[in-house]
Number of protein chains: 2
Amino acid sequence: MTLYGKQLIGQNAVAGSGVTFAGLNPATNESLEPQYAGASDQDVERACQLAEEAFDRYRETSLESRATFLERIATEIEALGEPLIERAMAESGLPQARLEGERGRTCGQLRLFASVVRDGEWLDIRIDPALPDRQPMPRVDLRQRHIALGPVAVFGASNFPLAFSVAGGDTASALAAGCPVVVKAHPAHPGTSELVGQAIQAAVRACDMPAGVFSLLFGAGIDLGQALVKDPRIKAVGFTGSRRGGTALMATAQARPEPIPVYAEMSSINPVFLLPHALKSRGAEIAEAFVASLNMGAGQFCTNPGLVIAIKGPELDTFLHAAAEAVTRSTGQTMLTPGIHDAYGDAIERLSGNASVREVARGQSGEQGNSCQPGLFATNATDFLADEQLQDEVFGASSMVVVCDDQAQVQAVAKHLEGQLTATLQMDDTDTDVARGLLPILERKAGRVMVNGWPTGVEVCHAMVHGGPYPATSDSRSTSVGSAAIHRFLRPVCYQNMPEALLPEALRDNNPHGVSRLIDGKRDN
Amino acid sequence: MTLYGKQLIGQNAVAGSGVTFAGLNPATNESLEPQYAGASDQDVERACQLAEEAFDRYRETSLESRATFLERIATEIEALGEPLIERAMAESGLPQARLEGERGRTCGQLRLFASVVRDGEWLDIRIDPALPDRQPMPRVDLRQRHIALGPVAVFGASNFPLAFSVAGGDTASALAAGCPVVVKAHPAHPGTSELVGQAIQAAVRACDMPAGVFSLLFGAGIDLGQALVKDPRIKAVGFTGSRRGGTALMATAQARPEPIPVYAEMSSINPVFLLPHALKSRGAEIAEAFVASLNMGAGQFCTNPGLVIAIKGPELDTFLHAAAEAVTRSTGQTMLTPGIHDAYGDAIERLSGNASVREVARGQSGEQGNSCQPGLFATNATDFLADEQLQDEVFGASSMVVVCDDQAQVQAVAKHLEGQLTATLQMDDTDTDVARGLLPILERKAGRVMVNGWPTGVEVCHAMVHGGPYPATSDSRSTSVGSAAIHRFLRPVCYQNMPEALLPEALRDNNPHGVSRLIDGKRDN
C-alpha cells in the first residue's frame, strides 16, 4: 500500500502542479507524508473530459454490471485492510472502532446501492400504451424512464473520512444512477482519500468500466472546487460541509450558463424537545443519553443535538443538573483539524460572551492535541427568539438549552427555527397531545422527526431522509443518505412512438429487468 | 357571469390599487371591459398569509376529499359554459375549437390529478421496520412519506389561457400535492382568468376547503411576480413563459434568504431530424405535416418545430420545395397579443437580416389584427454551428432548416443544441441505425424524444415528460405536464420510532389508503 501524492485521473496517477499540502495528525500536530501538489487546471480539464467520454457508455451499462461494479468497490476497500484504518485515524483523530464502523457503513452503503440498481425501481418506468381508437384523438405510445444527469462533482467531507468522502454516499448514489464522478478530496485526509481512490481505480479495471467513470483530485484551497463546479461537463454537485462552503457552490452553480443542481448538506442544530411528562419521569436518564449523543465523535456530526427545548421548572432543573454533571466529567476527543478546533473555540467564546447566554457546564479537555472541551449552555426563549445568531451551528460538542415559560413558547421556538436535518421528541405516552401539536411544525422544519432517540446515528436504509429545508440543505426535495439518494442524479425522459428496436431495453414490453412499472398509471407488480 | 376586475383573495373579491390595465382583443385591438387595478403589496401580503394559514389543514386533507376538490374545480369550470370560451376567444385570438379542446384538457388534467391523489403513489411510502436483534446495532423503525412543500406561486401563461393558466397544469399539480396556490394571472387574459378563478372559489366553498388554498392576483408589470417570489411564505414557483422572465424569477428565488425551487418552462426550438430514407420515401408528405404543426396556433406552442435538420441533396430539395409551397399558401392566425406579434416581427427581421440565413418562404398574413405571417428559413450547418443566435426561439410560426453535408455534421449539430423540450426523428425502418446513433445525444438534450410524430400536441398522461435540460426548463429533473408533475411540489420526511398514535395515517401498518409501498426496499403490492 503506497501513497504517491498524485491526482488519480481515470486510470492514471498524475503529479499536480498547484499549491502543495500534506495530511496532519491533529492529535500530535505532526505532518504526514506524502506531500500533495494540488490539481492544475489541466488536471480538472482532463478529469472532466474523461468523465464526459465515459458517460454514455457508463449510463447504459446493464443493471447487473453496474451493481457488480459497486460491490467490487466495497470489496476493494475492504482489501485495503488495516492500513486504511490506521491512516484515517492518523489524519482525523477519530478512534479505531469508529473508523471500522464507518468502513462497514461505507461498504454496506455501496452494497445497498448495488441492490437498488438491480431492483430497477429507480428507473420509474411508466408506460401509457397507444390508444388508436380513442375519441376525439388517438393516443400514441408513450414510455418514460429515468436517465443519469451526467458527470457529478463530489466533495469529500472532513467529518466522515470514509462514509462521506471518496467512496461515500454521494459517490455511491451518483455511480448507482449512472453518473461518472469526479471527487475533490477533502484536504484533511488526503492519504485516506488516495487509498480509497486506488481501490475504486482497481474496481474500474476489474469490472472493465470506462476509465473516466472515476477521478480524484486534490487541492487545499477553494479554487479546485470552484473550477469543478464551473466545468460545463459537470451536471450536478454533491457536497457536505459548512453553510459558507455550500452557499458558495450554490452561487457558482447558478451563475453558470447552464445552472446545475447542487445537493449541499450544510448546517443543522437538531432541536430536541423534552416534553413535560418525559422530563418529569426520566429527566436525569435523558440527560445522560443526551450528553453521550452530544459528545459522540467530539460533536462533529451534522446531526449533533445542538439545541434542547423545554419548559422551566424543577423537572428541567433536574435535567440541567444531571446534564451539567455528565458534561463536567466528560473529556473531549481530538477534533478533526486544528482549523475546526479553533473555530469551535471561537464559537464557544462568542457564546460565553453573549449576555443572554449562561454557561451551564464545561467538560475536560483531552490530553491530546486539538481536543474539544465540551460545553453546555442555556438561554431563555425570549432571548433565543430575539437573536438569530443563537441558531448558528457550533461544530463540535456544544449544545444550548432554551428555557421556555410554557408550551406556547415552546411552539413559538419551534416555529422560529431554521430548516433542520432532524427534530427529536423525548416523550412519554402521556405527552402524546403535546407532541401532536408540535409535529405539524417540526415536519415542515426537518427531514427526519424522531421519538425517544438521538439524532446522531443515521441508518442507511430505504426510508431514511438525511435532508431538510434550507439551510440544513440546499434542496429539501432529496436525501443524501439512504437508497432514495439515487434520485438526485436522475431525470425523466419520455419516448414517444418509439419502435421496439430503438426503445431502451428497460422500456420494452417484455420487461426484461422484471422491474415494477406504472402501466396507464397502475402498478403492474 | 359577471367580471368585477378585482383580486380574488381567498373567498373575497378585493379592489386592487396598482396600475390599471384591461384585456385586449388582438384581432381588433379593442379594449375589453372591465378594468383591472393591479394587486397592491397588501393584496400580496394577504394572499400569502391566507395561503400559509390554509397550508397545514389543506396538506392533511384526506386523499378522497382533496381528489373531490380537484374534480369539483373541473365541474365548476365546465359550468361556466360558453361565456368562458367567448371571453377566451376575445382575449387570445385563439379559435373556438382550440379553446374548447383546451378546456377539455384542463378539466381532464384536474381529473387525472384527482385519480393520482387517490392512488397515493405520490406519497412514496417506504417502511423499514425495526430490527431489534440486528448485530452489531439494532435498527429502529423508520418510515418515509412525502409532504407538500408549502404555498406555491403559479404564473399564468399567455399561450394556454386555460390549460396553463389559473387552473392549469401547475395549479392542478400543486393543489394535488397539498400546496395552496397563489396565481398571478397573465395580463393578456384577465377576464378568462377571473372567470376560472371564480370557479375555483366556488369549488373551495363547495368542498369546505380552507379559504386561503387559492388566490388570484392581477398585475400588468413584473413587480407583482417579483413580490410573490420574494414572499417568505411561498415555497416553490411554477412558470411558463420566456427565458428572460424565467431566469429573472430563478435569480430572485435564489437570492432569497431561503432559496426555493423554480419550475420555469422557458424556451425550446424542438429540433426535427429528417433521416435519409424517410426523406427520400416521403419528403413531400413530411413537409405537409411539418407545416401543419408549424402553423398550429400561429406557432405559439413551446413545442413548435422551430428547427429541421437534414442532409443536403435532391431529397432535401424536394422537402424544401413542398414545405415552401405549403408555407406560401398558409395564412397565419391572430397572435395572442400585440407585444407577441411585434416580437415575432422583430425576430423574423433579425433572421432576414442575417447573412447566413436564407428565406425559403413566407406565408400570408391573416386579415385580422396582429396576424402572424408564417416564415420558413434555411441555413447551413457550418453557419449554424458558428452562431449561437440561430438557436434563439422565435415565438410564432417560424422554422429554420439546417442543411448538413453528411451524417457526421448532423451529429455535430445535435451535440451543439441547447436543452430542448422535445426532439423528433422522422425515419423509416431502414433509418434505424442512423437513429440509434442520434438517440444517446438527443436523450441528453430533450425531455421527450419521438419518432414520426410532431412535437405539438402534448398528451396529459403518466409517462409524459414536458421538461428538459436548461434552457428548455430551469430544472430537468421534472415535468410540467402529466401526473409526474406532482413530484415537483413534494419533499420526503422520515418518521423514526414514531408511535402509531402520532404516525401520519398513510404510514400506519394497516395501510389505510391501500397504496403501494416499499417495505424494506421491496414493493408490497
# chains A, B, ... in the order shown; residues from 1 in each chain; ligands from 1
>>> residues_around(residues="range 329-337 of chain B", least_positions_apart="2", cutoff="8 Å", atoms="only C-alpha atoms", output="PyMOL selection string")
chain B and resi 24+26-27+91-94+158-159+188+295+297-298+300+325-327+339-341+363-366+368-374+396-397
>>> interface_residues(of="chain A", to="chain B", cutoff="6 Å", atoms="only C-alpha atoms", output="ChimeraX atom specification")
/A:126-127,142-144,447-451,462-465,477,491,493-498,521
>>> write_last_selection(atoms="N, CA, C and O atoms", output="PDB file, in the first residue's frame")
ATOM      1  N   ARG A 126     -42.756   4.104 -16.670  1.00  0.00           N
ATOM      2  CA  ARG A 126     -44.173   4.382 -16.887  1.00  0.00           C
ATOM      3  C   ARG A 126     -44.481   4.127 -18.351  1.00  0.00           C
ATOM      4  O   ARG A 126     -43.801   4.662 -19.219  1.00  0.00           O
ATOM      5  N   ILE A 127     -45.496   3.369 -18.580  1.00  0.00           N
ATOM      6  CA  ILE A 127     -45.894   3.070 -19.958  1.00  0.00           C
ATOM      7  C   ILE A 127     -47.371   3.400 -20.133  1.00  0.00           C
ATOM      8  O   ILE A 127     -48.217   2.896 -19.398  1.00  0.00           O
ATOM      9  N   LEU A 142     -46.507   6.073 -25.255  1.00  0.00           N
ATOM     10  CA  LEU A 142     -45.589   6.946 -24.505  1.00  0.00           C
ATOM     11  C   LEU A 142     -44.970   6.156 -23.362  1.00  0.00           C
ATOM     12  O   LEU A 142     -45.681   5.489 -22.604  1.00  0.00           O
ATOM     13  N   ARG A 143     -43.666   6.231 -23.259  1.00  0.00           N
ATOM     14  CA  ARG A 143     -42.951   5.481 -22.218  1.00  0.00           C
ATOM     15  C   ARG A 143     -41.903   6.372 -21.575  1.00  0.00           C
ATOM     16  O   ARG A 143     -41.220   7.132 -22.256  1.00  0.00           O
ATOM     17  N   GLN A 144     -41.798   6.239 -20.273  1.00  0.00           N
ATOM     18  CA  GLN A 144     -40.845   7.076 -19.549  1.00  0.00           C
ATOM     19  C   GLN A 144     -39.861   6.216 -18.773  1.00  0.00           C
ATOM     20  O   GLN A 144     -40.248   5.206 -18.179  1.00  0.00           O
ATOM     21  N   GLY A 447     -36.076  17.120   7.978  1.00  0.00           N
ATOM     22  CA  GLY A 447     -36.207  15.961   7.098  1.00  0.00           C
ATOM     23  C   GLY A 447     -36.518  14.682   7.852  1.00  0.00           C
ATOM     24  O   GLY A 447     -37.039  13.735   7.286  1.00  0.00           O
ATOM     25  N   ARG A 448     -36.171  14.657   9.141  1.00  0.00           N
ATOM     26  CA  ARG A 448     -36.416  13.441   9.937  1.00  0.00           C
ATOM     27  C   ARG A 448     -36.906  13.860  11.306  1.00  0.00           C
ATOM     28  O   ARG A 448     -36.295  14.719  11.945  1.00  0.00           O
ATOM     29  N   VAL A 449     -38.004  13.289  11.722  1.00  0.00           N
ATOM     30  CA  VAL A 449     -38.579  13.581  13.030  1.00  0.00           C
ATOM     31  C   VAL A 449     -38.567  12.281  13.821  1.00  0.00           C
ATOM     32  O   VAL A 449     -39.041  11.256  13.327  1.00  0.00           O
ATOM     33  N   MET A 450     -38.012  12.321  15.019  1.00  0.00           N
ATOM     34  CA  MET A 450     -37.906  11.054  15.763  1.00  0.00           C
ATOM     35  C   MET A 450     -38.416  11.199  17.183  1.00  0.00           C
ATOM     36  O   MET A 450     -38.480  12.302  17.732  1.00  0.00           O
ATOM     37  N   VAL A 451     -38.760  10.046  17.738  1.00  0.00           N
ATOM     38  CA  VAL A 451     -39.276   9.979  19.098  1.00  0.00           C
ATOM     39  C   VAL A 451     -38.331   9.124  19.936  1.00  0.00           C
ATOM     40  O   VAL A 451     -37.976   8.008  19.542  1.00  0.00           O
ATOM     41  N   HIS A 462     -33.868   2.419   3.261  1.00  0.00           N
ATOM     42  CA  HIS A 462     -34.730   2.941   2.193  1.00  0.00           C
ATOM     43  C   HIS A 462     -35.583   4.120   2.650  1.00  0.00           C
ATOM     44  O   HIS A 462     -35.910   5.008   1.866  1.00  0.00           O
ATOM     45  N   ALA A 463     -35.952   4.118   3.924  1.00  0.00           N
ATOM     46  CA  ALA A 463     -36.869   5.151   4.419  1.00  0.00           C
ATOM     47  C   ALA A 463     -36.138   6.369   4.986  1.00  0.00           C
ATOM     48  O   ALA A 463     -36.783   7.351   5.354  1.00  0.00           O
ATOM     49  N   MET A 464     -34.808   6.304   5.074  1.00  0.00           N
ATOM     50  CA  MET A 464     -34.071   7.408   5.684  1.00  0.00           C
ATOM     51  C   MET A 464     -34.216   8.704   4.866  1.00  0.00           C
ATOM     52  O   MET A 464     -34.250   8.678   3.638  1.00  0.00           O
ATOM     53  N   VAL A 465     -34.318   9.824   5.578  1.00  0.00           N
ATOM     54  CA  VAL A 465     -34.167  11.140   4.950  1.00  0.00           C
ATOM     55  C   VAL A 465     -33.081  11.877   5.728  1.00  0.00           C
ATOM     56  O   VAL A 465     -33.257  12.181   6.905  1.00  0.00           O
ATOM     57  N   ARG A 477     -35.869  18.588  -1.326  1.00  0.00           N
ATOM     58  CA  ARG A 477     -36.611  17.561  -2.054  1.00  0.00           C
ATOM     59  C   ARG A 477     -35.855  16.239  -2.142  1.00  0.00           C
ATOM     60  O   ARG A 477     -36.244  15.359  -2.915  1.00  0.00           O
ATOM     61  N   ARG A 491     -32.977  12.158 -14.234  1.00  0.00           N
ATOM     62  CA  ARG A 491     -34.036  12.982 -14.820  1.00  0.00           C
ATOM     63  C   ARG A 491     -34.894  12.099 -15.726  1.00  0.00           C
ATOM     64  O   ARG A 491     -34.418  11.113 -16.288  1.00  0.00           O
ATOM     65  N   VAL A 493     -37.033  10.924 -19.005  1.00  0.00           N
ATOM     66  CA  VAL A 493     -37.104  11.111 -20.459  1.00  0.00           C
ATOM     67  C   VAL A 493     -38.291  10.304 -20.960  1.00  0.00           C
ATOM     68  O   VAL A 493     -38.496   9.157 -20.533  1.00  0.00           O
ATOM     69  N   CYS A 494     -39.060  10.909 -21.847  1.00  0.00           N
ATOM     70  CA  CYS A 494     -40.218  10.244 -22.435  1.00  0.00           C
ATOM     71  C   CYS A 494     -39.896   9.839 -23.876  1.00  0.00           C
ATOM     72  O   CYS A 494     -39.335  10.630 -24.639  1.00  0.00           O
ATOM     73  N   TYR A 495     -40.255   8.603 -24.206  1.00  0.00           N
ATOM     74  CA  TYR A 495     -40.050   8.077 -25.549  1.00  0.00           C
ATOM     75  C   TYR A 495     -41.412   7.895 -26.195  1.00  0.00           C
ATOM     76  O   TYR A 495     -42.243   7.151 -25.684  1.00  0.00           O
ATOM     77  N   GLN A 496     -41.635   8.622 -27.283  1.00  0.00           N
ATOM     78  CA  GLN A 496     -42.961   8.643 -27.890  1.00  0.00           C
ATOM     79  C   GLN A 496     -42.929   7.879 -29.203  1.00  0.00           C
ATOM     80  O   GLN A 496     -42.112   8.193 -30.083  1.00  0.00           O
ATOM     81  N   ASN A 497     -43.813   6.903 -29.304  1.00  0.00           N
ATOM     82  CA  ASN A 497     -43.976   6.170 -30.565  1.00  0.00           C
ATOM     83  C   ASN A 497     -42.658   5.577 -31.046  1.00  0.00           C
ATOM     84  O   ASN A 497     -42.356   5.559 -32.241  1.00  0.00           O
ATOM     85  N   MET A 498     -41.876   5.075 -30.099  1.00  0.00           N
ATOM     86  CA  MET A 498     -40.524   4.614 -30.430  1.00  0.00           C
ATOM     87  C   MET A 498     -40.591   3.142 -30.803  1.00  0.00           C
ATOM     88  O   MET A 498     -41.120   2.328 -30.054  1.00  0.00           O
ATOM     89  N   GLY A 521     -50.736   4.246 -15.380  1.00  0.00           N
ATOM     90  CA  GLY A 521     -50.859   4.787 -14.025  1.00  0.00           C
ATOM     91  C   GLY A 521     -51.059   3.753 -12.943  1.00  0.00           C
ATOM     92  O   GLY A 521     -51.096   4.093 -11.764  1.00  0.00           O
TER      93      GLY A 521
END
>>> closest_atom_pairs(of="range 214-275 of chain B", to="range 29-38 of chain B", cutoff="10 Å", atoms="only C-alpha atoms", output="Markdown table")
| residue | atom | partner | partner_atom | distance |
| --- | --- | --- | --- | --- |
| B:Leu217 | CA | B:Gly38 | CA | 7.6 |
| B:Phe218 | CA | B:Gly38 | CA | 5.2 |
| B:Gly219 | CA | B:Gly38 | CA | 4.3 |
| B:Ala220 | CA | B:Gly38 | CA | 6.8 |
| B:Gly221 | CA | B:Gly38 | CA | 8.8 |
| B:Asp223 | CA | B:Gly38 | CA | 9.9 |
| B:Leu224 | CA | B:Gly38 | CA | 8.2 |
>>> write_last_selection(atoms="N, CA and C atoms", output="compact mmCIF listing (two decimals), in the first residue's frame")
# COMPACT_ATOMS: atom_id res chain seq x y z
N LEU B 217 -54.22 36.95 -8.28
CA LEU B 217 -53.83 38.36 -8.28
C LEU B 217 -53.57 38.83 -9.71
N PHE B 218 -53.83 40.10 -9.93
CA PHE B 218 -53.67 40.70 -11.26
C PHE B 218 -52.59 41.77 -11.22
N GLY B 219 -51.83 41.89 -12.29
CA GLY B 219 -50.84 42.95 -12.38
C GLY B 219 -50.26 42.98 -13.78
N ALA B 220 -50.01 44.16 -14.28
CA ALA B 220 -49.55 44.29 -15.66
C ALA B 220 -48.03 44.20 -15.78
N GLY B 221 -47.30 44.58 -14.76
CA GLY B 221 -45.84 44.64 -14.86
C GLY B 221 -45.16 43.45 -14.21
N ASP B 223 -43.57 43.69 -11.24
CA ASP B 223 -43.45 43.86 -9.78
C ASP B 223 -44.23 42.80 -9.00
N LEU B 224 -45.44 42.51 -9.46
CA LEU B 224 -46.28 41.56 -8.72
C LEU B 224 -45.61 40.19 -8.65
>>> atom_distance(atom1="CA of Ile77 in chain A", atom2="CA of Thr2 in chain A")
14.4 Å
>>> select_by_dssp(residues="range 336-478 of chain A", states="strand (DSSP E)", output="MDAnalysis selection string")
chainID A and resid 358:362 375:380 398:404 420:426 446:451
>>> write_last_selection(atoms="N, CA and C atoms", output="PDB file, in the first residue's frame")
ATOM      1  N   ARG A 358     -26.012  31.632  29.331  1.00  0.00           N
ATOM      2  CA  ARG A 358     -25.400  31.211  30.585  1.00  0.00           C
ATOM      3  C   ARG A 358     -24.642  29.909  30.345  1.00  0.00           C
ATOM      4  N   GLU A 359     -23.419  29.848  30.817  1.00  0.00           N
ATOM      5  CA  GLU A 359     -22.659  28.610  30.711  1.00  0.00           C
ATOM      6  C   GLU A 359     -23.128  27.667  31.804  1.00  0.00           C
ATOM      7  N   VAL A 360     -23.643  26.512  31.424  1.00  0.00           N
ATOM      8  CA  VAL A 360     -24.142  25.539  32.402  1.00  0.00           C
ATOM      9  C   VAL A 360     -23.006  24.636  32.861  1.00  0.00           C
ATOM     10  N   ALA A 361     -22.182  24.213  31.920  1.00  0.00           N
ATOM     11  CA  ALA A 361     -21.064  23.335  32.287  1.00  0.00           C
ATOM     12  C   ALA A 361     -20.057  23.273  31.141  1.00  0.00           C
ATOM     13  N   ARG A 362     -18.823  23.050  31.495  1.00  0.00           N
ATOM     14  CA  ARG A 362     -17.802  22.718  30.505  1.00  0.00           C
ATOM     15  C   ARG A 362     -17.174  21.403  30.923  1.00  0.00           C
ATOM     16  N   GLY A 375     -19.176  21.709  25.908  1.00  0.00           N
ATOM     17  CA  GLY A 375     -19.826  22.852  26.542  1.00  0.00           C
ATOM     18  C   GLY A 375     -21.346  22.725  26.511  1.00  0.00           C
ATOM     19  N   LEU A 376     -21.953  23.118  27.618  1.00  0.00           N
ATOM     20  CA  LEU A 376     -23.414  23.141  27.692  1.00  0.00           C
ATOM     21  C   LEU A 376     -23.842  24.534  28.136  1.00  0.00           C
ATOM     22  N   PHE A 377     -24.759  25.119  27.416  1.00  0.00           N
ATOM     23  CA  PHE A 377     -25.174  26.493  27.655  1.00  0.00           C
ATOM     24  C   PHE A 377     -26.690  26.563  27.797  1.00  0.00           C
ATOM     25  N   ALA A 378     -27.157  27.670  28.296  1.00  0.00           N
ATOM     26  CA  ALA A 378     -28.606  27.852  28.406  1.00  0.00           C
ATOM     27  C   ALA A 378     -28.959  29.301  28.106  1.00  0.00           C
ATOM     28  N   THR A 379     -30.161  29.468  27.613  1.00  0.00           N
ATOM     29  CA  THR A 379     -30.694  30.810  27.389  1.00  0.00           C
ATOM     30  C   THR A 379     -32.202  30.719  27.599  1.00  0.00           C
ATOM     31  N   ASN A 380     -32.858  31.863  27.651  1.00  0.00           N
ATOM     32  CA  ASN A 380     -34.313  31.764  27.756  1.00  0.00           C
ATOM     33  C   ASN A 380     -34.944  32.019  26.394  1.00  0.00           C
ATOM     34  N   SER A 398     -21.158  20.899  21.663  1.00  0.00           N
ATOM     35  CA  SER A 398     -21.738  22.053  22.343  1.00  0.00           C
ATOM     36  C   SER A 398     -23.239  22.012  22.128  1.00  0.00           C
ATOM     37  N   SER A 399     -23.967  22.366  23.150  1.00  0.00           N
ATOM     38  CA  SER A 399     -25.411  22.414  22.997  1.00  0.00           C
ATOM     39  C   SER A 399     -25.976  23.522  23.878  1.00  0.00           C
ATOM     40  N   MET A 400     -27.140  23.976  23.485  1.00  0.00           N
ATOM     41  CA  MET A 400     -27.783  25.064  24.216  1.00  0.00           C
ATOM     42  C   MET A 400     -29.193  24.638  24.616  1.00  0.00           C
ATOM     43  N   VAL A 401     -29.509  24.901  25.866  1.00  0.00           N
ATOM     44  CA  VAL A 401     -30.857  24.614  26.347  1.00  0.00           C
ATOM     45  C   VAL A 401     -31.665  25.914  26.298  1.00  0.00           C
ATOM     46  N   VAL A 402     -32.804  25.856  25.635  1.00  0.00           N
ATOM     47  CA  VAL A 402     -33.685  27.020  25.559  1.00  0.00           C
ATOM     48  C   VAL A 402     -34.810  26.825  26.571  1.00  0.00           C
ATOM     49  N   VAL A 403     -34.837  27.709  27.559  1.00  0.00           N
ATOM     50  CA  VAL A 403     -35.795  27.569  28.658  1.00  0.00           C
ATOM     51  C   VAL A 403     -37.053  28.375  28.328  1.00  0.00           C
ATOM     52  N   CYS A 404     -38.176  27.667  28.242  1.00  0.00           N
ATOM     53  CA  CYS A 404     -39.438  28.304  27.846  1.00  0.00           C
ATOM     54  C   CYS A 404     -40.348  28.480  29.065  1.00  0.00           C
ATOM     55  N   GLN A 420     -33.875  22.187   9.426  1.00  0.00           N
ATOM     56  CA  GLN A 420     -33.022  21.262  10.170  1.00  0.00           C
ATOM     57  C   GLN A 420     -32.974  19.903   9.489  1.00  0.00           C
ATOM     58  N   LEU A 421     -31.910  19.159   9.767  1.00  0.00           N
ATOM     59  CA  LEU A 421     -31.861  17.767   9.335  1.00  0.00           C
ATOM     60  C   LEU A 421     -32.806  16.906  10.165  1.00  0.00           C
ATOM     61  N   THR A 422     -32.847  17.193  11.463  1.00  0.00           N
ATOM     62  CA  THR A 422     -33.647  16.352  12.360  1.00  0.00           C
ATOM     63  C   THR A 422     -34.360  17.200  13.404  1.00  0.00           C
ATOM     64  N   ALA A 423     -35.417  16.619  13.964  1.00  0.00           N
ATOM     65  CA  ALA A 423     -36.066  17.160  15.158  1.00  0.00           C
ATOM     66  C   ALA A 423     -36.446  15.956  16.004  1.00  0.00           C
ATOM     67  N   THR A 424     -36.267  16.092  17.312  1.00  0.00           N
ATOM     68  CA  THR A 424     -36.444  14.951  18.209  1.00  0.00           C
ATOM     69  C   THR A 424     -37.419  15.292  19.326  1.00  0.00           C
ATOM     70  N   LEU A 425     -38.275  14.336  19.615  1.00  0.00           N
ATOM     71  CA  LEU A 425     -39.176  14.473  20.763  1.00  0.00           C
ATOM     72  C   LEU A 425     -38.788  13.442  21.810  1.00  0.00           C
ATOM     73  N   GLN A 426     -38.466  13.911  23.019  1.00  0.00           N
ATOM     74  CA  GLN A 426     -38.347  12.996  24.158  1.00  0.00           C
ATOM     75  C   GLN A 426     -39.698  13.048  24.850  1.00  0.00           C
ATOM     76  N   ALA A 446     -37.913  19.927   9.378  1.00  0.00           N
ATOM     77  CA  ALA A 446     -36.850  18.923   9.382  1.00  0.00           C
ATOM     78  C   ALA A 446     -37.133  17.792   8.405  1.00  0.00           C
ATOM     79  N   GLY A 447     -36.076  17.120   7.978  1.00  0.00           N
ATOM     80  CA  GLY A 447     -36.207  15.961   7.098  1.00  0.00           C
ATOM     81  C   GLY A 447     -36.518  14.682   7.852  1.00  0.00           C
ATOM     82  N   ARG A 448     -36.171  14.657   9.141  1.00  0.00           N
ATOM     83  CA  ARG A 448     -36.416  13.441   9.937  1.00  0.00           C
ATOM     84  C   ARG A 448     -36.906  13.860  11.306  1.00  0.00           C
ATOM     85  N   VAL A 449     -38.004  13.289  11.722  1.00  0.00           N
ATOM     86  CA  VAL A 449     -38.579  13.581  13.030  1.00  0.00           C
ATOM     87  C   VAL A 449     -38.567  12.281  13.821  1.00  0.00           C
ATOM     88  N   MET A 450     -38.012  12.321  15.019  1.00  0.00           N
ATOM     89  CA  MET A 450     -37.906  11.054  15.763  1.00  0.00           C
ATOM     90  C   MET A 450     -38.416  11.199  17.183  1.00  0.00           C
ATOM     91  N   VAL A 451     -38.760  10.046  17.738  1.00  0.00           N
ATOM     92  CA  VAL A 451     -39.276   9.979  19.098  1.00  0.00           C
ATOM     93  C   VAL A 451     -38.331   9.124  19.936  1.00  0.00           C
TER      94      VAL A 451
END
>>> select_by_dssp(residues="range 183-324 of chain A", states="alpha helix (DSSP H)", output="ChimeraX atom specification")
/A:190-206,223-230,243-255,276-295,314-324
>>> residues_around(residues="range 43-47 of chain A", least_positions_apart="4", cutoff="12 Å", atoms="only C-alpha atoms", output="ChimeraX atom specification")
/A:6-18,37-39,51-54,151-153,180-184,211-219,223-234
>>> residues_around(residues="Pro190 in chain A", least_positions_apart="4", cutoff="9 Å", atoms="only C-alpha atoms", output="PyMOL selection string")
chain A and resi 5+22-23+36+91+185-186+194-195+218
>>> closest_residue(among="B:Phe384, B:Phe69, B:Phe319, B:Trp454", to="Val410 in chain B", atoms="only C-alpha atoms")
B:Phe384
